[in-house]
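Novice: Pasting protein.txt here (compact mmCIF, C-alpha atoms):
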```
# COMPACT_ATOMS: atom_id res chain seq x y z
CA MET J 1 88.78 88.66 107.38
CA GLN J 2 90.44 91.61 109.09
CA VAL J 3 88.60 94.85 108.39
CA PRO J 4 88.81 98.16 110.23
CA ALA J 5 85.79 99.42 112.16
CA PRO J 6 83.65 101.83 110.11
CA PHE J 7 84.97 105.35 109.58
CA GLU J 8 84.46 108.31 107.28
CA TYR J 9 87.09 108.77 104.61
CA ALA J 10 88.18 112.26 103.64
CA ARG J 11 90.94 113.50 101.41
CA ALA J 12 93.08 116.59 101.86
CA THR J 13 94.54 118.26 98.78
CA THR J 14 96.65 120.86 100.58
CA VAL J 15 98.47 120.95 103.91
CA ASP J 16 96.17 123.77 105.02
CA GLU J 17 93.14 121.64 104.24
CA ALA J 18 94.62 118.73 106.22
CA VAL J 19 95.20 121.03 109.20
CA ALA J 20 91.66 122.39 108.92
CA LEU J 21 90.16 118.88 108.79
CA MET J 22 92.26 117.69 111.71
CA GLY J 23 91.26 120.79 113.64
CA ARG J 24 87.58 120.12 113.01
CA PHE J 25 87.65 116.40 113.88
CA GLY J 26 90.20 116.52 116.72
CA ASP J 27 91.16 113.22 118.31
CA THR J 28 88.48 111.33 116.40
CA ALA J 29 90.56 111.69 113.22
CA ARG J 30 93.88 110.36 112.04
CA LEU J 31 95.98 111.17 108.99
CA ILE J 32 96.74 108.28 106.66
CA ALA J 33 99.77 108.30 104.36
CA GLY J 34 101.34 104.94 103.47
CA GLY J 35 98.97 103.25 105.90
CA HIS J 36 101.22 100.26 106.49
CA SER J 37 101.29 100.78 110.24
CA LEU J 38 97.89 102.40 110.74
CA LEU J 39 95.71 100.03 108.70
CA PRO J 40 97.08 96.85 110.35
CA MET J 41 96.39 98.42 113.77
CA MET J 42 92.87 99.39 112.67
CA LYS J 43 92.24 95.90 111.31
CA LEU J 44 93.14 94.49 114.72
CA ARG J 45 90.94 97.20 116.31
CA LEU J 46 93.96 98.36 118.31
CA ALA J 47 93.26 101.77 116.79
CA ASN J 48 89.81 103.12 115.97
CA PHE J 49 89.00 106.49 114.44
CA ASP J 50 85.80 108.09 113.19
CA TYR J 51 87.61 109.84 110.36
CA LEU J 52 90.64 109.01 108.25
CA ILE J 53 92.14 111.88 106.31
CA ASP J 54 94.10 110.69 103.29
CA ILE J 55 97.09 112.97 102.68
CA ASN J 56 98.64 111.09 99.75
CA ASP J 57 97.58 113.91 97.42
CA LEU J 58 100.03 116.15 99.31
CA HIS J 59 103.00 114.29 97.87
CA GLY J 60 103.71 117.18 95.49
CA GLU J 61 103.93 119.50 98.49
CA LEU J 62 105.51 117.20 101.08
CA GLY J 63 107.43 114.65 99.02
CA PHE J 64 110.92 116.05 98.53
CA ILE J 65 114.59 115.67 99.42
CA ALA J 66 116.36 119.04 99.42
CA VAL J 67 120.12 118.93 99.96
CA GLU J 68 121.11 122.48 100.80
CA PRO J 69 124.23 124.12 102.26
CA GLY J 70 124.35 123.15 105.92
CA VAL J 71 121.02 121.33 105.98
CA VAL J 72 119.08 118.51 104.36
CA ARG J 73 115.30 118.96 104.38
CA ILE J 74 113.07 115.98 103.69
CA GLY J 75 109.30 116.23 103.27
CA ALA J 76 107.21 114.07 105.58
CA LEU J 77 105.48 112.30 102.67
CA THR J 78 108.75 111.20 101.06
CA ARG J 79 108.47 107.47 100.60
CA HIS J 80 111.00 104.85 101.71
CA ARG J 81 111.76 104.02 98.11
CA GLU J 82 112.58 107.64 97.32
CA LEU J 83 114.93 107.78 100.31
CA LEU J 84 116.60 104.55 99.18
CA ASP J 85 116.96 105.65 95.56
CA SER J 86 118.32 109.14 96.20
CA ALA J 87 122.03 109.17 95.33
CA GLU J 88 122.21 112.77 96.47
CA LEU J 89 120.94 111.85 99.94
CA ALA J 90 123.27 108.84 100.16
CA GLY J 91 126.14 111.17 99.24
CA VAL J 92 125.50 113.31 102.31
CA PHE J 93 124.05 110.69 104.69
CA PRO J 94 124.85 107.11 103.61
CA ILE J 95 123.07 105.98 106.80
CA PHE J 96 119.77 106.41 104.95
CA ARG J 97 120.69 103.90 102.27
CA ASP J 98 122.01 101.45 104.87
CA ALA J 99 118.75 101.70 106.81
CA GLU J 100 116.32 101.74 103.91
CA ARG J 101 117.77 98.53 102.52
CA VAL J 102 116.60 96.71 105.63
CA ILE J 103 113.26 98.44 106.25
CA ALA J 104 110.34 96.13 105.45
CA ASP J 105 110.47 95.01 101.80
CA PRO J 106 110.53 96.72 98.39
CA VAL J 107 106.76 96.68 97.91
CA VAL J 108 106.05 98.12 101.36
CA ARG J 109 108.77 100.71 100.74
CA ASN J 110 106.75 101.94 97.75
CA ARG J 111 104.09 103.17 100.19
CA GLY J 112 105.59 103.91 103.60
CA THR J 113 106.73 107.46 104.35
CA LEU J 114 109.30 109.19 106.54
CA GLY J 115 106.60 111.14 108.38
CA GLY J 116 104.47 108.08 108.95
CA SER J 117 107.43 106.18 110.34
CA LEU J 118 108.25 108.94 112.83
CA CYS J 119 104.63 109.53 113.83
CA GLN J 120 104.03 105.82 114.43
CA ALA J 121 106.78 106.10 117.08
CA ASP J 122 107.38 102.38 117.21
CA PRO J 123 110.36 101.71 119.50
CA SER J 124 111.83 99.37 116.87
CA GLU J 125 111.42 101.71 113.94
CA ASP J 126 114.59 102.25 111.93
CA LEU J 127 114.09 105.73 110.46
CA SER J 128 113.46 107.07 113.95
CA ALA J 129 116.87 105.75 114.94
CA VAL J 130 118.38 107.36 111.83
CA CYS J 131 116.79 110.70 112.75
CA THR J 132 118.00 110.36 116.34
CA THR J 133 121.50 109.60 115.12
CA LEU J 134 121.55 112.60 112.80
CA ASP J 135 120.14 115.00 115.42
CA ALA J 136 117.13 115.78 113.24
CA SER J 137 114.43 118.29 114.03
CA CYS J 138 110.78 117.92 113.10
CA VAL J 139 108.68 120.69 111.59
CA ILE J 140 105.06 120.51 112.75
CA ARG J 141 102.29 122.64 111.32
CA GLY J 142 99.07 123.41 113.13
CA PRO J 143 96.28 125.96 113.13
CA LEU J 144 98.52 128.50 114.89
CA GLY J 145 101.46 128.11 112.54
CA THR J 146 104.67 126.13 112.44
CA ARG J 147 106.89 124.89 115.26
CA THR J 148 110.09 122.88 115.27
CA VAL J 149 110.80 120.07 117.73
CA SER J 150 114.07 118.15 118.26
CA MET J 151 114.02 114.36 117.91
CA ALA J 152 114.69 114.09 121.66
CA ASP J 153 111.40 115.89 122.29
CA PHE J 154 109.45 114.45 119.36
CA HIS J 155 108.93 110.98 120.77
CA ARG J 156 107.06 110.98 124.09
CA GLY J 157 106.96 107.23 124.64
CA PRO J 158 105.95 104.21 122.60
CA TYR J 159 103.47 105.29 119.89
CA GLU J 160 103.28 108.83 121.26
CA THR J 161 104.69 111.95 119.67
CA ALA J 162 104.75 115.72 120.11
CA VAL J 163 102.28 116.08 117.23
CA ALA J 164 99.05 117.27 118.85
CA ASP J 165 95.49 116.85 117.60
CA GLY J 166 95.00 119.17 114.67
CA GLU J 167 98.68 119.18 113.75
CA ILE J 168 100.68 117.55 110.97
CA LEU J 169 104.38 116.73 110.67
CA THR J 170 105.45 118.37 107.42
CA GLU J 171 109.22 118.17 107.25
CA VAL J 172 112.32 116.75 108.92
CA ARG J 173 115.58 118.71 108.91
CA PHE J 174 119.09 117.33 109.27
CA PRO J 175 122.10 119.54 110.04
CA VAL J 176 125.08 118.91 107.74
CA ARG J 177 128.60 119.33 109.08
CA ASP J 178 131.97 118.95 107.33
CA ARG J 179 134.04 115.76 107.38
CA GLY J 180 131.15 113.60 108.48
CA GLY J 181 130.37 109.94 107.95
CA SER J 182 127.39 107.79 108.94
CA ALA J 183 126.27 104.17 108.92
CA TYR J 184 123.42 101.91 110.03
CA SER J 185 123.23 98.24 110.92
CA LYS J 186 120.35 96.01 111.95
CA VAL J 187 120.00 92.46 113.19
CA GLU J 188 116.67 90.92 112.25
CA ARG J 189 115.30 87.40 112.47
CA ARG J 190 114.36 87.29 108.80
CA ALA J 191 114.37 89.64 105.80
CA GLY J 192 112.01 92.57 106.27
CA ASP J 193 111.33 91.98 109.95
CA TRP J 194 111.46 94.49 112.75
CA ALA J 195 114.84 94.90 114.38
CA VAL J 196 116.03 92.67 117.19
CA VAL J 197 118.35 95.63 117.69
CA SER J 198 119.66 98.22 115.28
CA ALA J 199 122.19 100.99 115.61
CA GLY J 200 123.11 104.09 113.67
CA SER J 201 126.29 106.11 114.00
CA ALA J 202 127.36 109.51 112.72
CA VAL J 203 130.90 110.79 113.13
CA TRP J 204 132.57 114.08 112.29
CA LEU J 205 136.37 114.29 112.10
CA ASP J 206 138.59 117.28 112.71
CA ASP J 207 141.45 118.30 110.42
CA GLY J 208 143.84 116.02 112.27
CA GLY J 209 141.58 112.98 111.84
CA ARG J 210 140.39 112.92 115.44
CA ILE J 211 136.72 112.58 116.32
CA ALA J 212 135.30 116.09 116.57
CA ASP J 213 131.84 114.76 117.40
CA ALA J 214 129.89 111.52 117.22
CA ARG J 215 126.34 110.36 117.78
CA VAL J 216 124.84 106.92 118.20
CA GLY J 217 121.14 106.06 117.92
CA LEU J 218 119.68 102.69 118.89
CA ALA J 219 116.34 101.10 118.02
CA ALA J 220 114.38 98.35 119.81
CA VAL J 221 116.16 98.69 123.15
CA GLY J 222 113.87 101.12 124.99
CA PRO J 223 110.53 102.91 124.89
CA ASN J 224 111.75 105.04 121.98
CA THR J 225 114.79 105.11 119.78
CA THR J 226 117.62 106.14 122.00
CA GLY J 227 120.37 108.69 121.57
CA ILE J 228 123.22 108.23 124.03
CA PRO J 229 124.92 111.53 124.97
CA GLU J 230 127.56 109.75 127.07
CA ILE J 231 128.92 108.09 123.92
CA SER J 232 129.26 111.48 122.23
CA ALA J 233 131.10 112.88 125.26
CA THR J 234 133.42 109.88 125.42
CA LEU J 235 134.34 109.94 121.74
CA ARG J 236 134.96 113.66 121.32
CA GLY J 237 138.66 114.42 120.84
CA GLU J 238 139.65 110.76 120.54
CA GLU J 239 141.75 109.21 117.82
CA PRO J 240 139.48 106.62 116.11
CA SER J 241 140.48 103.08 117.07
CA ASP J 242 138.86 99.74 117.82
CA GLU J 243 139.62 100.30 121.50
CA VAL J 244 137.71 103.61 121.45
CA PHE J 245 134.80 102.04 119.54
CA ALA J 246 134.68 99.19 122.05
CA ARG J 247 134.38 101.71 124.88
CA ALA J 248 131.43 103.30 123.06
CA GLY J 249 129.90 99.85 122.63
CA GLU J 250 130.15 99.17 126.37
CA ILE J 251 128.35 102.45 127.08
CA ALA J 252 125.63 101.53 124.57
CA ALA J 253 125.13 98.13 126.21
CA ARG J 254 124.71 99.52 129.70
CA SER J 255 122.76 102.65 128.70
CA CYS J 256 119.89 100.93 126.89
CA GLU J 257 116.81 99.28 128.35
CA PRO J 258 116.03 96.20 126.27
CA ALA J 259 113.23 93.82 127.24
CA THR J 260 113.31 90.07 126.85
CA ASP J 261 110.73 89.07 124.24
CA GLN J 262 110.24 86.63 121.38
CA ARG J 263 113.00 88.39 119.43
CA GLY J 264 115.65 87.71 122.03
CA SER J 265 116.77 88.06 125.63
CA ALA J 266 117.68 91.41 127.15
CA GLU J 267 121.23 90.10 127.55
CA TYR J 268 121.51 89.23 123.86
CA LYS J 269 120.11 92.63 122.91
CA ARG J 270 122.70 94.39 125.07
CA HIS J 271 125.36 92.37 123.30
CA LEU J 272 123.93 93.49 119.95
CA ALA J 273 123.74 97.12 121.07
CA ALA J 274 127.47 97.01 121.83
CA GLU J 275 128.49 95.13 118.70
CA LEU J 276 126.34 97.18 116.29
CA THR J 277 127.59 100.40 117.88
CA VAL J 278 131.18 99.28 117.24
CA ARG J 279 130.47 98.22 113.65
CA THR J 280 128.59 101.34 112.65
CA LEU J 281 131.16 103.63 114.28
CA ARG J 282 133.92 101.83 112.39
CA THR J 283 132.07 102.22 109.08
CA ALA J 284 131.08 105.83 109.78
CA VAL J 285 134.68 106.79 110.57
CA ALA J 286 135.96 105.02 107.44
CA ARG J 287 133.41 106.84 105.33
CA ALA J 288 134.26 110.18 106.92
CA ALA J 289 137.97 109.57 106.34
CA ARG J 290 137.34 108.68 102.70
CA GLY J 291 135.24 111.80 102.29
CA GLU J 292 132.13 109.76 101.51
CA ALA J 293 130.16 111.83 103.97
CA MET R 1 80.90 106.85 99.45
CA GLN R 2 81.49 106.73 95.73
CA VAL R 3 84.85 105.79 94.26
CA THR R 4 86.03 106.00 90.66
CA MET R 5 89.30 104.52 89.43
CA ILE R 6 90.87 103.02 86.34
CA VAL R 7 91.30 99.25 86.63
CA ASN R 8 93.23 97.54 83.83
CA GLY R 9 92.44 100.45 81.53
CA ASP R 10 88.71 100.65 82.25
CA GLU R 11 87.09 103.31 84.40
CA VAL R 12 84.93 101.86 87.16
CA THR R 13 82.66 103.67 89.62
CA ARG R 14 81.15 101.95 92.64
CA GLU R 15 79.46 102.81 95.92
CA ILE R 16 81.65 101.48 98.75
CA GLU R 17 82.29 101.72 102.46
CA GLY R 18 85.30 103.86 103.39
CA ARG R 19 86.85 100.91 105.21
CA LEU R 20 86.80 98.58 102.19
CA LEU R 21 90.29 97.36 101.34
CA LEU R 22 91.47 97.45 97.75
CA VAL R 23 91.97 93.67 97.62
CA HIS R 24 88.32 93.08 98.53
CA PHE R 25 87.15 95.79 96.14
CA LEU R 26 88.95 94.02 93.30
CA ARG R 27 87.86 90.52 94.26
CA ASP R 28 84.38 90.96 95.70
CA VAL R 29 83.06 94.10 93.97
CA LEU R 30 84.72 93.82 90.55
CA ALA R 31 85.01 89.98 90.58
CA LEU R 32 88.68 90.21 89.59
CA THR R 33 89.71 87.18 91.62
CA GLY R 34 93.13 86.86 90.00
CA THR R 35 94.46 89.03 92.82
CA HIS R 36 94.74 86.72 95.81
CA TRP R 37 94.03 87.54 99.40
CA GLY R 38 96.48 85.89 101.77
CA CYS R 39 97.96 86.91 105.09
CA ASP R 40 96.02 90.18 105.44
CA THR R 41 99.02 91.69 107.22
CA SER R 42 101.14 92.96 104.29
CA ASN R 43 103.64 90.17 104.74
CA CYS R 44 102.90 87.55 102.07
CA GLY R 45 102.52 89.73 98.98
CA THR R 46 100.06 87.58 97.05
CA CYS R 47 97.73 90.62 96.89
CA VAL R 48 100.26 92.80 95.05
CA VAL R 49 98.73 95.00 92.35
CA TRP R 50 99.99 98.18 90.76
CA LEU R 51 98.84 101.58 91.92
CA ASP R 52 99.91 104.20 89.39
CA GLY R 53 102.55 101.80 88.12
CA GLU R 54 104.02 100.89 91.53
CA PRO R 55 103.53 97.48 93.15
CA VAL R 56 101.54 97.78 96.38
CA LYS R 57 100.05 95.28 98.82
CA SER R 58 96.33 95.72 98.22
CA CYS R 59 95.37 94.27 101.62
CA THR R 60 96.91 97.40 103.14
CA VAL R 61 95.49 100.03 100.81
CA LEU R 62 91.95 101.33 101.10
CA ALA R 63 89.88 101.15 97.92
CA ALA R 64 89.05 104.79 98.58
CA MET R 65 92.76 105.65 98.45
CA ALA R 66 92.88 104.29 94.89
CA GLY R 67 90.11 106.68 93.83
CA GLY R 68 91.25 108.82 90.93
CA HIS R 69 94.23 106.55 90.35
CA GLU R 70 95.15 103.68 88.04
CA VAL R 71 95.16 100.09 89.24
CA ARG R 72 96.54 97.18 87.30
CA THR R 73 95.98 93.58 88.31
CA VAL R 74 97.23 90.24 87.06
CA GLU R 75 94.21 90.16 84.71
CA GLY R 76 95.76 93.15 82.96
CA LEU R 77 99.09 91.47 82.19
CA ALA R 78 98.16 89.59 79.05
CA VAL R 79 97.45 91.80 76.04
CA ASP R 80 94.93 90.61 73.45
CA GLY R 81 95.27 87.05 74.66
CA LYS R 82 99.06 87.10 74.41
CA LEU R 83 100.71 86.29 77.71
CA ASP R 84 103.20 88.70 79.19
CA PRO R 85 106.77 87.33 79.08
CA VAL R 86 106.78 86.86 82.86
CA GLN R 87 103.67 84.68 82.59
CA GLU R 88 105.34 82.70 79.83
CA GLY R 89 108.46 82.41 81.98
CA PHE R 90 106.48 80.95 84.89
CA ILE R 91 105.08 78.32 82.48
CA GLN R 92 108.45 77.51 80.92
CA CYS R 93 110.39 77.27 84.18
CA HIS R 94 107.76 75.76 86.46
CA GLY R 95 107.47 79.01 88.43
CA LEU R 96 104.42 77.83 90.34
CA GLN R 97 103.34 74.78 92.25
CA CYS R 98 100.11 75.55 94.13
CA GLY R 99 99.86 78.94 92.40
CA PHE R 100 98.69 80.93 95.39
CA CYS R 101 101.57 83.41 95.43
CA THR R 102 101.74 83.64 91.63
CA PRO R 103 99.65 86.77 90.90
CA GLY R 104 101.70 88.87 93.31
CA MET R 105 104.97 87.39 92.05
CA LEU R 106 103.97 88.17 88.44
CA MET R 107 103.07 91.80 89.18
CA THR R 108 106.28 92.41 91.12
CA ALA R 109 108.32 90.69 88.40
CA ARG R 110 106.78 92.79 85.65
CA ALA R 111 107.51 95.99 87.61
CA LEU R 112 111.10 94.88 88.22
CA LEU R 113 111.71 94.17 84.53
CA ASP R 114 110.19 97.47 83.50
CA ARG R 115 112.71 99.26 85.73
CA ASN R 116 115.61 96.87 85.20
CA PRO R 117 115.30 94.73 82.04
CA ASP R 118 118.34 92.58 82.88
CA PRO R 119 118.27 91.93 86.64
CA SER R 120 120.78 89.65 88.31
CA GLU R 121 119.59 86.73 90.41
CA GLY R 122 120.35 88.81 93.50
CA GLU R 123 118.28 91.73 92.25
CA ILE R 124 115.37 89.39 91.52
CA ARG R 125 115.57 87.88 94.99
CA GLU R 126 115.62 91.37 96.50
CA ALA R 127 112.61 92.44 94.42
CA ILE R 128 110.47 89.48 95.57
CA SER R 129 111.73 89.57 99.16
CA GLY R 130 108.38 90.92 100.34
CA GLN R 131 106.56 87.91 98.97
CA ILE R 132 106.19 84.45 100.36
CA CYS R 133 105.91 81.19 98.41
CA ARG R 134 104.75 78.58 100.87
CA CYS R 135 105.69 75.83 98.42
CA THR R 136 109.19 77.34 98.81
CA GLY R 137 109.58 77.31 95.04
CA TYR R 138 111.80 80.36 95.02
CA ALA R 139 114.53 78.87 92.81
CA THR R 140 112.12 78.29 89.95
CA ILE R 141 110.42 81.66 90.47
CA VAL R 142 113.79 83.39 90.13
CA ARG R 143 114.54 81.25 87.07
CA SER R 144 111.15 82.16 85.57
CA ILE R 145 111.81 85.88 85.93
CA ARG R 146 115.28 85.46 84.44
CA TRP R 147 113.64 83.58 81.56
CA ALA R 148 111.39 86.56 80.93
CA ALA R 149 114.37 88.90 80.97
CA VAL R 150 116.50 86.78 78.65
CA ASN R 151 113.93 85.43 76.23
CA ALA R 152 111.51 88.25 75.87
CA ALA R 153 113.50 91.42 76.32
CA SER R 154 112.44 92.69 72.92
CA GLU R 155 108.78 91.92 73.56
CA VAL R 156 108.53 93.78 76.84
CA THR R 157 106.14 96.55 76.04
CA SER R 158 103.61 96.39 78.82
```
Once more with this new file: its structure as structure tokens, please.

Specialist:
Amino acid sequence: MQVPAPFEYARATTVDEAVALMGRFGDTARLIAGGHSLLPMMKLRLANFDYLIDINDLHGELGFIAVEPGVVRIGALTRHRELLDSAELAGVFPIFRDAERVIADPVVRNRGTLGGSLCQADPSEDLSAVCTTLDASCVIRGPLGTRTVSMADFHRGPYETAVADGEILTEVRFPVRDRGGSAYSKVERRAGDWAVVSAGSAVWLDDGGRIADARVGLAAVGPNTTGIPEISATLRGEEPSDEVFARAGEIAARSCEPATDQRGSAEYKRHLAAELTVRTLRTAVARAARGEA
Amino acid sequence: MQVTMIVNGDEVTREIEGRLLLVHFLRDVLALTGTHWGCDTSNCGTCVVWLDGEPVKSCTVLAAMAGGHEVRTVEGLAVDGKLDPVQEGFIQCHGLQCGFCTPGMLMTARALLDRNPDPSEGEIREAISGQICRCTGYATIVRSIRWAAVNAASEVTS
């Protein structure tokens, strides 16, 4: 039987209370939301805490998807299933629906949250790649107030984030630009598994149908999900074509740092990074051109 | 610590350790052994119960987290001795061989049919994709859930 080491369980009913509890307990405490990453690690005694602070009661405060002019704001406690089911979100960022369909399984998606996924900072985690692709920023609340951190600064390495002891990730913000399209694709060994490699793309077209800007985010090919600025620089101003996408794919393959493991060789993962970059760019451009966002 | 929750319609209060998982609370504290305990890693899905009407893997939920909430287990499917249509479907279509995965399959199936009373085979397969049948009897499980949708649509009240 796998059981976590003993700890004290506490429950926060407001964000302020969660911040106060985290401030009091410091690094001996951890927030628990969906728990589907934290509890397995605690069962294996890879993670041990004296206090767990259950924040599921904050869903009313932190479970929301707000599509506003120029920005989409999503609460950190929004569950995978809510992200998958939101037609409004898929209308602006179809990449979410693409990704959520291949994250874990439907029952796990009933529990897991956006904030938990980002704070786990697993290098293979799909929503982190989505947030990297969409140039998200993370709103973190602590005893001294609120600060906002870009995705590039949010992840500090595998399983490490910018969220300090006594702080809580409350919200993730996504800038919305005109004539955009986005897509996500993942190769996995079996349904619901972690990615061998996955890629997300977001593209914005200008009035003439050229690529005004583009972003690619990769998962499972480095210490954190990886945004590749060189791809953005290469694609800007180009007419979309398979030749241009292939060039982006080549950059993805040589810019990532995959490791050979039981999911595949580094060489195979580089191949996937290239191919999935091409496929998601192609889909993102088609969606942008059709006005599907 | 003390925890109080509603399990299959009845309020229960027990003294527990904070680290107790919901699956063990149900099986070992309440003696509701219909919920099975399998992989312990939220992969196999035999421990699926409902938490406030949503299927969850109870090996990865603390009993304390269910405090103040409603839990429904496979024991709560039949009403007044009358089997739920999904249970009847598993009997009619040979939806189980060894039976180990069955409680989780039944709870997920019931939740699916409550949301989508006429699911396609593809939708059923998607719904149970987080659950493993080591007898590999998936074809008959899918058939059993379709049976419940087709034959008992009017009786689905649970």

Novice: Of the candidates R:Asn8, R:Thr108, R:Arg14, R:Thr102, which shows the shortest atom-to-atom distance to Ala78 in chain R, using all atoms listed in the file?

Specialist: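 Smallest separation from Ala78 in chain R among the options: R:Asn8.
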
Novice: Calculated over only C-alpha atoms, which of the candidates R:Gly68, R:Gly99, R:Pro119, R:Pro55 has the smallest distance to chain J?

Specialist: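 Distance minimum relative to chain J lands on R:Pro55.
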
Novice: Taking only C-alpha atoms into account, find every residue of chain R that has an atom no more than 10 Å from chain J, and write it out as a PDB file with C-alpha atoms, keeping the file's coordinate frame.

Specialist:
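Writing the result to out29.pdb gives the following:
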```
ATOM      1  CA  MET R   1      80.900 106.850  99.450  1.00  0.00           C
ATOM      2  CA  GLU R  17      82.290 101.720 102.460  1.00  0.00           C
ATOM      3  CA  GLY R  18      85.300 103.860 103.390  1.00  0.00           C
ATOM      4  CA  ARG R  19      86.850 100.910 105.210  1.00  0.00           C
ATOM      5  CA  LEU R  20      86.800  98.580 102.190  1.00  0.00           C
ATOM      6  CA  LEU R  21      90.290  97.360 101.340  1.00  0.00           C
ATOM      7  CA  HIS R  24      88.320  93.080  98.530  1.00  0.00           C
ATOM      8  CA  TRP R  37      94.030  87.540  99.400  1.00  0.00           C
ATOM      9  CA  GLY R  38      96.480  85.890 101.770  1.00  0.00           C
ATOM     10  CA  CYS R  39      97.960  86.910 105.090  1.00  0.00           C
ATOM     11  CA  ASP R  40      96.020  90.180 105.440  1.00  0.00           C
ATOM     12  CA  THR R  41      99.020  91.690 107.220  1.00  0.00           C
ATOM     13  CA  SER R  42     101.140  92.960 104.290  1.00  0.00           C
ATOM     14  CA  ASN R  43     103.640  90.170 104.740  1.00  0.00           C
ATOM     15  CA  GLY R  45     102.520  89.730  98.980  1.00  0.00           C
ATOM     16  CA  VAL R  48     100.260  92.800  95.050  1.00  0.00           C
ATOM     17  CA  VAL R  49      98.730  95.000  92.350  1.00  0.00           C
ATOM     18  CA  TRP R  50      99.990  98.180  90.760  1.00  0.00           C
ATOM     19  CA  LEU R  51      98.840 101.580  91.920  1.00  0.00           C
ATOM     20  CA  GLU R  54     104.020 100.890  91.530  1.00  0.00           C
ATOM     21  CA  PRO R  55     103.530  97.480  93.150  1.00  0.00           C
ATOM     22  CA  VAL R  56     101.540  97.780  96.380  1.00  0.00           C
ATOM     23  CA  LYS R  57     100.050  95.280  98.820  1.00  0.00           C
ATOM     24  CA  CYS R  59      95.370  94.270 101.620  1.00  0.00           C
ATOM     25  CA  THR R  60      96.910  97.400 103.140  1.00  0.00           C
ATOM     26  CA  VAL R  61      95.490 100.030 100.810  1.00  0.00           C
ATOM     27  CA  LEU R  62      91.950 101.330 101.100  1.00  0.00           C
ATOM     28  CA  ALA R  64      89.050 104.790  98.580  1.00  0.00           C
ATOM     29  CA  MET R  65      92.760 105.650  98.450  1.00  0.00           C
ATOM     30  CA  THR R 108     106.280  92.410  91.120  1.00  0.00           C
ATOM     31  CA  GLU R 126     115.620  91.370  96.500  1.00  0.00           C
ATOM     32  CA  ALA R 127     112.610  92.440  94.420  1.00  0.00           C
ATOM     33  CA  ILE R 128     110.470  89.480  95.570  1.00  0.00           C
ATOM     34  CA  SER R 129     111.730  89.570  99.160  1.00  0.00           C
ATOM     35  CA  GLY R 130     108.380  90.920 100.340  1.00  0.00           C
ATOM     36  CA  GLN R 131     106.560  87.910  98.970  1.00  0.00           C
TER      37      GLN R 131
END
```

Novice: CA of Val86 in chain R and CA of Asp10 in chain R are how many Å apart?

Specialist: 22.7 Å

Novice: Please measure the separation of CA of Gly200 in chain J and CA of Ile124 in chain R, giving the value in Å to one decimal.

Specialist: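 The value is 27.7 Å.
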
Novice: Could you pull the residues within 8 Å of range 167-184 of chain J, counting only C-alpha atoms, minus those fewer than 3 positions along the same chain, as a count of residues only?

Specialist: 58

Novice: Go through R:Ala149, R:Val142, R:Cys135, R:Leu32 one by one, measure the shortest atom-to-atom distance of each to Val74 in chain R using only C-alpha atoms, and give the residue with the smallest value.

Specialist: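 The shortest atom-to-atom distance to Val74 in chain R comes from R:Leu32.
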